[in-house]
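Engineer: Just one file: run-v6.txt, with compact mmCIF, C-alpha atoms.
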# COMPACT_ATOMS: atom_id res chain seq x y z
CA MET A 1 30.09 1.11 18.49
CA ASN A 2 29.91 4.47 16.75
CA SER A 3 26.24 5.40 16.37
CA TRP A 4 26.78 8.48 14.21
CA PRO A 5 26.49 6.65 10.86
CA LYS A 6 23.11 5.22 11.93
CA ILE A 7 21.94 8.62 13.12
CA GLY A 8 23.05 10.19 9.84
CA LEU A 9 21.25 7.51 7.84
CA LEU A 10 18.10 8.02 9.91
CA LEU A 11 18.22 11.77 9.31
CA ILE A 12 18.65 11.27 5.57
CA LEU A 13 15.79 8.79 5.49
CA THR A 14 13.57 11.18 7.45
CA LEU A 15 14.42 13.98 5.02
CA VAL A 16 13.65 11.80 2.01
CA ILE A 17 10.29 10.74 3.45
CA ALA A 18 9.33 14.30 4.45
CA THR A 19 10.33 15.69 1.05
CA SER A 20 8.49 12.94 -0.84
CA VAL A 21 5.30 13.41 1.16
CA SER A 22 5.48 17.20 0.76
CA ILE A 23 5.87 16.92 -3.01
CA ALA A 24 3.04 14.40 -3.17
CA PHE A 25 0.67 16.79 -1.40
CA GLN A 26 1.60 19.54 -3.84
CA MET A 27 0.89 17.20 -6.76
CA ASP A 28 -2.56 16.14 -5.54
CA LYS A 29 -4.57 18.78 -7.37
CA PRO A 30 -2.52 18.95 -10.61
CA VAL A 31 -2.61 15.17 -10.97
CA ARG A 32 -6.34 14.99 -10.34
CA ASP A 33 -7.05 17.84 -12.76
CA TYR A 34 -5.00 16.15 -15.47
CA ILE A 35 -6.68 12.78 -14.95
CA VAL A 36 -10.19 14.24 -15.01
CA ALA A 37 -9.40 16.24 -18.15
CA SER A 38 -8.04 13.16 -19.92
CA GLN A 39 -10.91 10.84 -19.02
CA GLY A 40 -13.76 12.59 -20.75
CA PRO A 41 -17.53 12.50 -20.07
CA ASP A 42 -17.97 8.76 -20.80
CA TRP A 43 -15.25 7.60 -18.41
CA ASN A 44 -17.61 5.97 -15.92
CA LYS A 45 -18.88 3.61 -18.62
CA SER A 46 -15.50 2.91 -20.17
CA PHE A 47 -13.66 -0.41 -20.32
CA GLU A 48 -10.58 1.31 -18.89
CA LYS A 49 -12.41 2.14 -15.68
CA LYS A 50 -13.52 -1.48 -15.37
CA ILE A 51 -9.89 -2.60 -15.73
CA HIS A 52 -8.68 -0.24 -13.01
CA GLY A 53 -11.56 -1.29 -10.78
CA SER A 54 -10.69 -4.95 -11.29
CA ILE A 55 -7.04 -4.30 -10.44
CA ARG A 56 -8.07 -2.71 -7.15
CA THR A 57 -10.51 -5.52 -6.42
CA TRP A 58 -8.03 -8.33 -7.01
CA GLY A 59 -5.26 -6.43 -5.25
CA ASP A 60 -7.28 -5.97 -2.08
CA TRP A 61 -6.67 -7.94 1.12
CA PRO A 62 -9.11 -10.89 0.69
CA PRO A 63 -8.01 -11.95 -2.82
CA LEU A 64 -4.36 -11.27 -1.99
CA MET A 65 -4.55 -13.48 1.07
CA GLY A 66 -6.30 -16.14 -1.00
CA PHE A 67 -3.53 -16.18 -3.61
CA ALA A 68 -0.87 -16.20 -0.92
CA LEU A 69 -2.55 -19.06 0.91
CA VAL A 70 -2.55 -21.10 -2.28
CA GLY A 71 1.17 -20.38 -2.53
CA VAL A 72 1.70 -21.49 1.05
CA LEU A 73 -0.12 -24.76 0.39
CA ILE A 74 1.89 -25.39 -2.77
CA ALA A 75 5.14 -24.66 -0.94
CA HIS A 76 4.11 -27.01 1.86
CA TRP A 77 3.16 -29.72 -0.63
CA ARG A 78 6.53 -29.41 -2.34
CA GLY A 79 8.41 -29.37 0.96
CA ASN A 80 9.65 -25.84 0.33
CA SER A 81 9.72 -24.56 3.90
CA HIS A 82 11.56 -21.30 3.21
CA TRP A 83 8.94 -20.04 0.72
CA ARG A 84 6.20 -21.12 3.07
CA ARG A 85 7.72 -18.92 5.76
CA ILE A 86 8.24 -16.04 3.34
CA LEU A 87 4.64 -16.08 2.16
CA LEU A 88 3.33 -16.28 5.72
CA ALA A 89 5.52 -13.31 6.65
CA ALA A 90 4.24 -11.40 3.61
CA MET A 91 0.66 -12.16 4.60
CA LEU A 92 1.34 -10.88 8.11
CA ALA A 93 3.00 -7.70 6.84
CA SER A 94 0.14 -7.07 4.43
CA THR A 95 -2.43 -7.56 7.18
CA LEU A 96 -0.64 -5.29 9.66
CA ALA A 97 0.00 -2.55 7.10
CA GLY A 98 -3.59 -2.66 5.90
CA ALA A 99 -4.91 -2.60 9.45
CA LEU A 100 -2.79 0.44 10.34
CA ALA A 101 -3.88 2.32 7.23
CA ASN A 102 -7.55 1.44 7.56
CA THR A 103 -7.64 2.28 11.25
CA SER A 104 -5.98 5.66 10.81
CA ARG A 105 -8.04 6.70 7.79
CA LEU A 106 -11.22 6.30 9.78
CA THR A 107 -10.21 9.34 11.81
CA THR A 108 -8.54 11.60 9.22
CA GLY A 109 -11.77 12.39 7.39
CA ARG A 110 -10.02 13.24 4.16
CA THR A 111 -12.24 13.66 1.13
CA ARG A 112 -11.72 11.31 -1.78
CA PRO A 113 -10.81 13.04 -5.06
CA ARG A 114 -14.00 11.82 -6.78
CA GLU A 115 -16.14 13.56 -4.16
CA SER A 116 -15.42 16.94 -5.80
CA PRO A 117 -17.27 19.16 -6.41
CA LYS A 118 -19.95 17.70 -4.17
CA HIS A 119 -17.66 18.09 -1.15
CA GLU A 120 -14.76 20.48 -0.75
CA GLN A 121 -11.43 18.71 -0.50
CA GLY A 122 -9.83 18.64 2.92
CA PHE A 123 -9.12 16.83 6.17
CA TYR A 124 -12.22 17.00 8.37
CA GLY A 125 -11.32 14.54 11.11
CA PRO A 126 -14.04 12.28 12.50
CA TRP A 127 -16.71 15.03 12.38
CA LYS A 128 -18.04 17.38 9.69
CA ASP A 129 -21.03 19.67 10.07
CA GLY A 130 -22.19 17.73 13.10
CA GLN A 131 -22.05 14.38 11.29
CA LEU A 132 -19.82 11.44 12.19
CA LEU A 133 -17.57 10.65 9.23
CA ILE A 134 -16.26 7.33 10.51
CA GLY A 135 -17.45 4.65 8.13
CA LYS A 136 -18.37 7.09 5.34
CA ALA A 137 -16.43 5.96 2.27
CA GLY A 138 -16.27 9.43 0.76
CA PHE A 139 -14.18 10.66 3.68
CA ASN A 140 -11.79 7.72 4.11
CA SER A 141 -9.13 8.70 1.62
CA PHE A 142 -6.00 9.12 3.75
CA PRO A 143 -4.05 6.88 3.77
CA SER A 144 -4.81 4.22 1.16
CA GLY A 145 -5.73 0.83 2.58
CA HIS A 146 -5.43 -0.96 -0.78
CA THR A 147 -1.94 0.44 -1.30
CA ALA A 148 -0.79 -0.43 2.20
CA THR A 149 -2.04 -3.99 1.84
CA ALA A 150 -0.38 -4.48 -1.54
CA PHE A 151 2.96 -2.88 -0.65
CA GLY A 152 3.14 -4.56 2.75
CA PHE A 153 3.00 -7.89 0.96
CA ALA A 154 5.35 -6.83 -1.84
CA ALA A 155 7.95 -5.45 0.57
CA VAL A 156 8.54 -8.83 2.20
CA ILE A 157 8.68 -10.62 -1.15
CA ALA A 158 11.19 -8.07 -2.47
CA LEU A 159 13.39 -8.37 0.60
CA ALA A 160 13.31 -12.17 0.49
CA SER A 161 13.76 -12.55 -3.26
CA PRO A 162 14.50 -9.46 -5.40
CA ALA A 163 13.65 -11.35 -8.59
CA TRP A 164 10.13 -12.21 -7.44
CA GLY A 165 9.99 -8.84 -5.72
CA VAL A 166 9.97 -7.07 -9.09
CA ALA A 167 6.68 -8.74 -9.97
CA ALA A 168 5.23 -8.14 -6.50
CA VAL A 169 6.15 -4.45 -6.52
CA ALA A 170 4.83 -4.05 -10.07
CA GLY A 171 1.50 -5.47 -8.95
CA ALA A 172 1.42 -3.16 -5.93
CA CYS A 173 2.19 -0.17 -8.16
CA ALA A 174 -0.69 -1.15 -10.43
CA VAL A 175 -3.05 -1.16 -7.44
CA ALA A 176 -1.76 2.24 -6.31
CA TRP A 177 -2.04 3.82 -9.76
CA SER A 178 -5.53 2.44 -10.31
CA SER A 179 -6.56 3.98 -6.99
CA ILE A 180 -5.45 7.38 -8.27
CA VAL A 181 -6.99 6.99 -11.73
CA ILE A 182 -10.49 6.08 -10.50
CA GLY A 183 -10.45 8.94 -8.00
CA ALA A 184 -10.36 6.82 -4.87
CA HIS A 185 -7.11 8.34 -3.58
CA HIS A 186 -4.80 11.30 -3.90
CA PRO A 187 -1.10 10.81 -4.71
CA SER A 188 -0.26 11.82 -1.14
CA ASP A 189 -2.53 9.06 0.20
CA ILE A 190 -0.51 6.61 -1.88
CA VAL A 191 2.93 7.88 -0.94
CA VAL A 192 2.21 7.85 2.79
CA SER A 193 0.78 4.34 2.52
CA ILE A 194 3.87 3.12 0.67
CA PHE A 195 6.23 4.41 3.36
CA LEU A 196 3.99 2.98 6.06
CA SER A 197 3.73 -0.46 4.49
CA VAL A 198 7.41 -0.70 3.55
CA GLY A 199 8.28 0.09 7.16
CA VAL A 200 5.95 -2.66 8.34
CA GLY A 201 7.38 -5.05 5.76
CA LEU A 202 10.95 -4.34 6.87
CA PHE A 203 10.05 -4.97 10.49
CA VAL A 204 8.15 -8.19 9.82
CA TRP A 205 10.84 -9.56 7.51
CA ARG A 206 13.59 -8.76 10.00
CA VAL A 207 11.78 -10.57 12.80
CA ALA A 208 10.87 -13.51 10.56
CA ARG A 209 14.42 -13.88 9.26
CA GLN A 210 15.94 -13.79 12.73
CA ARG A 211 13.47 -16.14 14.42
CA PHE A 212 12.06 -18.44 11.79
CA MET A 213 14.38 -18.57 8.77
CA LYS A 214 17.12 -21.18 8.66
CA PRO A 215 20.64 -20.33 7.41
CA LYS A 216 20.20 -22.48 4.30
CA ASP A 217 17.07 -20.57 3.31
CA SER A 218 19.06 -17.58 2.04
CA GLN A 219 21.00 -19.89 -0.27
CA GLU A 220 17.89 -21.68 -1.54
CA LEU A 221 16.33 -18.37 -2.56
CA ARG A 222 19.07 -17.64 -5.08
Represent the supplied structure as structure tokens.
Structural biologist:
Amino acid sequence: MNSWPKIGLLLILTLVIATSVSIAFQMDKPVRDYIVASQGPDWNKSFEKKIHGSIRTWGDWPPLMGFALVGVLIAHWRGNSHWRRILLAAMLASTLAGALANTSRLTTGRTRPRESPKHEQGFYGPWKDGQLLIGKAGFNSFPSGHTATAFGFAAVIALASPAWGVAAVAGACAVAWSSIVIGAHHPSDIVVSIFLSVGVGLFVWRVARQRFMKPKDSQELR
């Protein structure tokens, strides 16, 4: 079999990812400056901040797994085995993507946007000025764990059922945008997490479809 089309597709995909990440890094400061300027001095006490904080809270791994588990139980109760498998696969993808993001960000030492001007923005690794940064929330910005968790879940749902995937991706985008607005993450943190989690979602869904999904499942999803 001719492998050149696959190689070409891989090169194009690599170029798209590299270009997107590069642009995202260049947009970090302008986006943050615009958001800070638009929020005003009373932002921390505003209702808008509470909304964005709630979106991040409910879009995090524990609540997301709770909602998904309820869906699994409902699917089991109704005898809907294909959606039970899909939700379990989405939970697995979300968990793996979140674990990868959270593990890696412990070592990057990137400053969160809201830490300015107290700390200069940058990647400091696990150490800064003789202090261990692992576990310090202010230096765990890259990549975004919330975004990876949300998009890992949404990727599987979108691949299994595009119609439901629209809602899942919209929810994941809300989590990602809220992370930027409240100063928890830079745009580049988000973009890298999205690519990471979508890759995990593709892998998990491919394995689940080949090993656990029945032929009739694809018809029942329509």
Engineer: Write out as a PyMOL selection string each polymer residue whose atoms come within 12 Å of Ala93 of chain A, counting all atoms listed in the file; drop sequence neighbours fewer than 2 positions from it.
Structural biologist: chain A and resi 61+65+86-91+95-100+148-157+196-208
Engineer: How close does segment 152-205 of chain A get to segment 139-142 of chain A? List, as a Markdown table, each residue of segment 152-205 of chain A within 7 Å, its nearest atom pair and the distance in Å to one decimal, counting all atoms listed in the file.
Structural biologist:
| residue | atom | partner | partner_atom | distance |
| --- | --- | --- | --- | --- |
| A:Ala184 | CA | A:Ser141 | CA | 6.9 |
| A:His185 | CA | A:Ser141 | CA | 5.6 |
| A:Asp189 | CA | A:Phe142 | CA | 5.0 |
Engineer: Counting only C-alpha atoms, which residues have an atom no more than 10 Å from (2.1, 5.6, 0.4) in the file's coordinates? Please list them as a list in words.
Structural biologist: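 The distance filter leaves exactly Ser20, Val21, Ala24, Ala101, Phe142, Pro143, Ser144, Gly145, Thr147, Ala148, Phe151, Ala176, His186, Pro187, Ser188, Asp189, Ile190, Val191, Val192, Ser193, Ile194, Phe195, Leu196, Ser197 and Val198 of chain A.
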Engineer: May I ask for the distance between atom CA of Val72 of chain A and atom CA of Ser94 of chain A, given in Å to one decimal place?
Structural biologist: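 Those two atoms sit 14.9 Å apart.
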Engineer: I'd like the contact shell of Gly109 of chain A - 9 Å cut-off, all atoms listed in the file, skipping same-chain residues fewer than 2 positions apart - returned as a PyMOL selection string.
Structural biologist: chain A and resi 105-107+111+122-128+133-134+136+138-142
Engineer: Edge lengths and centre in Å to one decimal, as AutoDock Vina command-line options, is what I'm after for the box along x, y and z that holds all listed atoms of segment 42-57 of chain A once 5 Å is added on each side.
Structural biologist:
--center_x -13.0 --center_y 1.6 --center_z -13.6 --size_x 21.8 --size_y 24.3 --size_z 24.4
Engineer: Of the candidates A:Leu132, A:Asn102, A:Leu64, A:Arg211, which shows the shortest atom-to-atom distance to Ala168 of chain A, using all atoms listed in the file?
Structural biologist: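 Residue with the minimum atom-to-atom distance to Ala168 of chain A: A:Leu64.
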Engineer: Need the shell around segment 36-46 of chain A: protein/DNA/RNA residues with any atom at most 12 Å away, counting all atoms listed in the file. Skip same-chain ones fewer than 4 positions apart. Format as a ChimeraX atom specification?
Structural biologist: /A:29-32,50-53,113-114,116,180-183
Engineer: Using all atoms listed in the file, find the one residue out of A:Lys49, A:His76, A:Lys118, A:His82 that sits nearest to Met213 of chain A.
Structural biologist: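 Of the candidates, the smallest distance to Met213 of chain A is held by A:His82.
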Engineer: For atom CA of Arg85 of chain A and atom CA of Ala170 of chain A, quote the distance in Å rounded to one decimal.
Structural biologist: 21.9 Å
Engineer: Tell me, in Å to one decimal, how far atom CA of Asp33 of chain A is from atom CA of Ile55 of chain A.
Structural biologist: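 Computing it gives 22.3 Å between the two atoms.
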Engineer: Provide segment 129-146 of chain A rebuilt to N, CA and C atoms, formatted as a PDB file, in the coordinates of the input.
Structural biologist:
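Output saved as selection_37.pdb:
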ATOM      1  N   ASP A 129     -19.677  19.103  10.016  1.00  0.00           N
ATOM      2  CA  ASP A 129     -21.030  19.670  10.070  1.00  0.00           C
ATOM      3  C   ASP A 129     -21.946  18.888  10.995  1.00  0.00           C
ATOM      4  N   GLY A 130     -21.383  18.447  12.113  1.00  0.00           N
ATOM      5  CA  GLY A 130     -22.190  17.730  13.100  1.00  0.00           C
ATOM      6  C   GLY A 130     -22.441  16.274  12.773  1.00  0.00           C
ATOM      7  N   GLN A 131     -21.846  15.766  11.696  1.00  0.00           N
ATOM      8  CA  GLN A 131     -22.050  14.380  11.290  1.00  0.00           C
ATOM      9  C   GLN A 131     -20.774  13.561  11.514  1.00  0.00           C
ATOM     10  N   LEU A 132     -20.948  12.334  11.986  1.00  0.00           N
ATOM     11  CA  LEU A 132     -19.820  11.440  12.190  1.00  0.00           C
ATOM     12  C   LEU A 132     -19.372  10.890  10.846  1.00  0.00           C
ATOM     13  N   LEU A 133     -18.095  11.074  10.523  1.00  0.00           N
ATOM     14  CA  LEU A 133     -17.570  10.650   9.230  1.00  0.00           C
ATOM     15  C   LEU A 133     -16.991   9.245   9.244  1.00  0.00           C
ATOM     16  N   ILE A 134     -16.822   8.677  10.423  1.00  0.00           N
ATOM     17  CA  ILE A 134     -16.260   7.330  10.510  1.00  0.00           C
ATOM     18  C   ILE A 134     -17.200   6.345   9.821  1.00  0.00           C
ATOM     19  N   GLY A 135     -16.654   5.620   8.876  1.00  0.00           N
ATOM     20  CA  GLY A 135     -17.450   4.650   8.130  1.00  0.00           C
ATOM     21  C   GLY A 135     -18.017   5.188   6.829  1.00  0.00           C
ATOM     22  N   LYS A 136     -17.893   6.495   6.595  1.00  0.00           N
ATOM     23  CA  LYS A 136     -18.370   7.090   5.340  1.00  0.00           C
ATOM     24  C   LYS A 136     -17.255   7.012   4.301  1.00  0.00           C
ATOM     25  N   ALA A 137     -17.473   6.240   3.255  1.00  0.00           N
ATOM     26  CA  ALA A 137     -16.430   5.960   2.270  1.00  0.00           C
ATOM     27  C   ALA A 137     -15.880   7.211   1.596  1.00  0.00           C
ATOM     28  N   GLY A 138     -16.717   8.215   1.427  1.00  0.00           N
ATOM     29  CA  GLY A 138     -16.270   9.430   0.760  1.00  0.00           C
ATOM     30  C   GLY A 138     -15.262  10.227   1.541  1.00  0.00           C
ATOM     31  N   PHE A 139     -15.103   9.920   2.818  1.00  0.00           N
ATOM     32  CA  PHE A 139     -14.180  10.660   3.680  1.00  0.00           C
ATOM     33  C   PHE A 139     -13.137   9.742   4.309  1.00  0.00           C
ATOM     34  N   ASN A 140     -12.796   8.670   3.615  1.00  0.00           N
ATOM     35  CA  ASN A 140     -11.790   7.720   4.110  1.00  0.00           C
ATOM     36  C   ASN A 140     -10.617   7.604   3.155  1.00  0.00           C
ATOM     37  N   SER A 141     -10.143   8.727   2.667  1.00  0.00           N
ATOM     38  CA  SER A 141      -9.130   8.700   1.620  1.00  0.00           C
ATOM     39  C   SER A 141      -7.706   8.524   2.130  1.00  0.00           C
ATOM     40  N   PHE A 142      -7.396   9.073   3.275  1.00  0.00           N
ATOM     41  CA  PHE A 142      -6.000   9.120   3.750  1.00  0.00           C
ATOM     42  C   PHE A 142      -5.781   8.285   5.002  1.00  0.00           C
ATOM     43  N   PRO A 143      -4.809   7.342   4.933  1.00  0.00           N
ATOM     44  CA  PRO A 143      -4.050   6.880   3.770  1.00  0.00           C
ATOM     45  C   PRO A 143      -4.786   5.779   3.026  1.00  0.00           C
ATOM     46  N   SER A 144      -4.164   5.237   1.999  1.00  0.00           N
ATOM     47  CA  SER A 144      -4.810   4.220   1.160  1.00  0.00           C
ATOM     48  C   SER A 144      -4.648   2.829   1.744  1.00  0.00           C
ATOM     49  N   GLY A 145      -5.775   2.181   2.047  1.00  0.00           N
ATOM     50  CA  GLY A 145      -5.730   0.830   2.580  1.00  0.00           C
ATOM     51  C   GLY A 145      -5.311  -0.188   1.537  1.00  0.00           C
ATOM     52  N   HIS A 146      -5.809  -0.046   0.298  1.00  0.00           N
ATOM     53  CA  HIS A 146      -5.430  -0.960  -0.780  1.00  0.00           C
ATOM     54  C   HIS A 146      -3.918  -0.922  -1.014  1.00  0.00           C
TER      55      HIS A 146
END
